[in-house]
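K.L.:
Take a look at the following structure, please.
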Amino acid sequence: MKKLRKRHLLIALLLAWLLAPQWLQVPVQGASPRDWNPQSFWFEPWGRSGTHKGIDIFARHGTPVVAPTYGLVLFRGELGIGGNVLLMLGPQWRLHYFSHLADYSALPGQPVLPGTPLGSVGDTGNARGKPPHLHYSIVTLLPYPWRWDNSTQGWKKIFYLDPDQLLRENAVDSP
């Protein structure tokens with residue numbers, strides 16, 4: 001019976017963590033909204049992907065990339081367009097995607113707190129030869145059907161959230 005209670009407590013804590021309000025900090029150390037274009041989310045045309053489903057935060061090569069919220073690192077590796085990427089599950093069943101990293105600091109399966117180092121800004125993938133930056137996207141696993149519109153790939157807006165808007169609404173100061 002004690003084992004069952006521990007299991008229920010663990011499940012309750014996990015659900016509370018995943019459903020809790022999200023407080024975000026800018027994922028590039030020392031960056032602020034002046035370091036990205038707020039109009040770049042869902043900008044088109046945007047290369048092979050058609051629309052830009054995130055924001056690009058510009059910084060010097062090697063600038064630390066940090067966890068914007070608490071979460072769990074799910075994946076790190078290399079993907080063609082994104083280059084060196086890292087994927088983190090955060091509160092409210094949201095995936096935080098970081099690409100064009102120069103290197104990694106976090107491991108898959110690692111729990112992270114806001115400000116935990118994840119890697120550093122780079123120019124890998126299709127950012128090669130362009131100014132170093134972090135591509136940052138937020139994807140919800142729980143769809144928001146009211147966000148669907150008639151824009152190019154507008155149905156995907158039920159999953160992709162605007163990082164600029166969320167960073168401005170839920171901003172906290174970096175530690």
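Naming scheme: A, B, ... for chains in displayed order of the structure tokens; residues 1 onward per chain; ligands 1 onward as shown.
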Excluding region 73-80 of chain A and its own-chain neighbours fewer than 5 positions away, which residues fall within 8 Å of it when counting only C-alpha atoms? Please give them as a short mmCIF file (atom, residue, chain, number, x, y, z; two decimals) with C-alpha atoms, in the first residue's frame.
P.N.:
```cif
data_model
loop_
_atom_site.label_atom_id
_atom_site.label_comp_id
_atom_site.auth_asym_id
_atom_site.auth_seq_id
_atom_site.Cartn_x
_atom_site.Cartn_y
_atom_site.Cartn_z
CA VAL A 85 19.73 20.98 -31.40
CA LEU A 86 18.34 20.39 -27.93
CA LEU A 87 14.73 19.64 -26.97
CA MET A 88 13.34 20.20 -23.48
CA LEU A 89 9.92 19.42 -21.99
CA TYR A 104 25.87 21.21 -25.51
CA ALA A 106 22.97 19.33 -20.81
CA LEU A 107 22.30 15.62 -21.25
CA PRO A 108 19.10 13.80 -22.27
CA GLY A 109 17.14 12.85 -19.16
CA GLN A 110 18.62 15.72 -17.16
CA PRO A 111 16.15 17.80 -15.12
CA VAL A 112 16.93 21.52 -15.36
CA GLY A 125 22.83 23.67 -39.64
CA ASN A 126 21.38 26.11 -42.15
#
```
K.L.:
Near Asn37 (chain A), counting only C-alpha atoms, which residues have an atom at most 9 Å away, once you skip same-chain residues fewer than 4 positions from it, shown as a PyMOL selection string?
P.N.:
chain A and resi 33+41+55-57+164
K.L.:
Show me, as JSON lines, the residues of region 13-129 of chain A having an atom within 12 Å of region 155-159 of chain A, each with the closest atom pair and its distance in Å, using only C-alpha atoms.
P.N.:
```
{"residue": "A:Phe41", "atom": "CA", "partner": "A:Lys157", "partner_atom": "CA", "distance": 10.6}
{"residue": "A:Trp42", "atom": "CA", "partner": "A:Lys157", "partner_atom": "CA", "distance": 8.7}
{"residue": "A:Ser49", "atom": "CA", "partner": "A:Lys156", "partner_atom": "CA", "distance": 11.8}
{"residue": "A:Gly50", "atom": "CA", "partner": "A:Lys156", "partner_atom": "CA", "distance": 11.7}
{"residue": "A:Thr51", "atom": "CA", "partner": "A:Lys156", "partner_atom": "CA", "distance": 10.2}
{"residue": "A:His52", "atom": "CA", "partner": "A:Lys157", "partner_atom": "CA", "distance": 11.3}
{"residue": "A:Lys53", "atom": "CA", "partner": "A:Lys157", "partner_atom": "CA", "distance": 8.8}
{"residue": "A:Gly54", "atom": "CA", "partner": "A:Lys157", "partner_atom": "CA", "distance": 11.2}
{"residue": "A:Trp93", "atom": "CA", "partner": "A:Phe159", "partner_atom": "CA", "distance": 11.0}
{"residue": "A:Arg94", "atom": "CA", "partner": "A:Phe159", "partner_atom": "CA", "distance": 9.3}
{"residue": "A:Leu95", "atom": "CA", "partner": "A:Phe159", "partner_atom": "CA", "distance": 9.9}
{"residue": "A:His96", "atom": "CA", "partner": "A:Phe159", "partner_atom": "CA", "distance": 11.9}
```
K.L.:
Within 6 Å of Thr116 (chain A), counting only C-alpha atoms, which residues qualify if same-chain residues fewer than 2 places away don't, as a list in words?
P.N.:
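Once the adjacent positions are removed, what remains is Val66, Ala67, Val112, Leu113 and Pro114 of chain A.
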K.L.:
Output C-alpha atoms for every residue in the selection just made, as a PDB file, in the first residue's frame.
P.N.:
```
ATOM      1  CA  VAL A  66      20.242  28.561 -20.617  1.00  0.00           C
ATOM      2  CA  ALA A  67      16.977  26.872 -19.704  1.00  0.00           C
ATOM      3  CA  VAL A 112      16.931  21.516 -15.365  1.00  0.00           C
ATOM      4  CA  LEU A 113      16.023  24.665 -13.465  1.00  0.00           C
ATOM      5  CA  PRO A 114      15.695  28.107 -15.048  1.00  0.00           C
TER       6      PRO A 114
END
```
K.L.:
Looking at A:Ile138, A:Ala31, A:Ile81, A:Leu101, which one is nearest to Leu118 (chain A), with distances taken over only C-alpha atoms?
P.N.:
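Among the listed residues, A:Leu101 lies closest to Leu118 (chain A).
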K.L.:
To one decimal place in Å, what is the distance between CA of Tyr70 (chain A) and CA of Leu141 (chain A)?
P.N.:
16.7 Å
K.L.:
Which value, in Å to one decimal, gives the distance between CA of Tyr160 (chain A) and CA of Leu134 (chain A)?
P.N.:
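Value for the CA of Tyr160 (chain A)-CA of Leu134 (chain A) distance: 16.9 Å.
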K.L.:
May I have the residues within 12 Å of Thr63 (chain A) as a list in words, using only C-alpha atoms and disregarding those fewer than 4 positions away in the same chain?
P.N.:
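Surrounding residues, per the criterion: Pro27, Val28, Gln29, Gly30, Ala31, Ile57, Phe58, Ala59, Leu101, Ala102, Asp103, Tyr104, Pro117, Leu118, Gly119, Ser120, Val121, Gly122, Asp123, Pro132, His133 and Leu134 of chain A.
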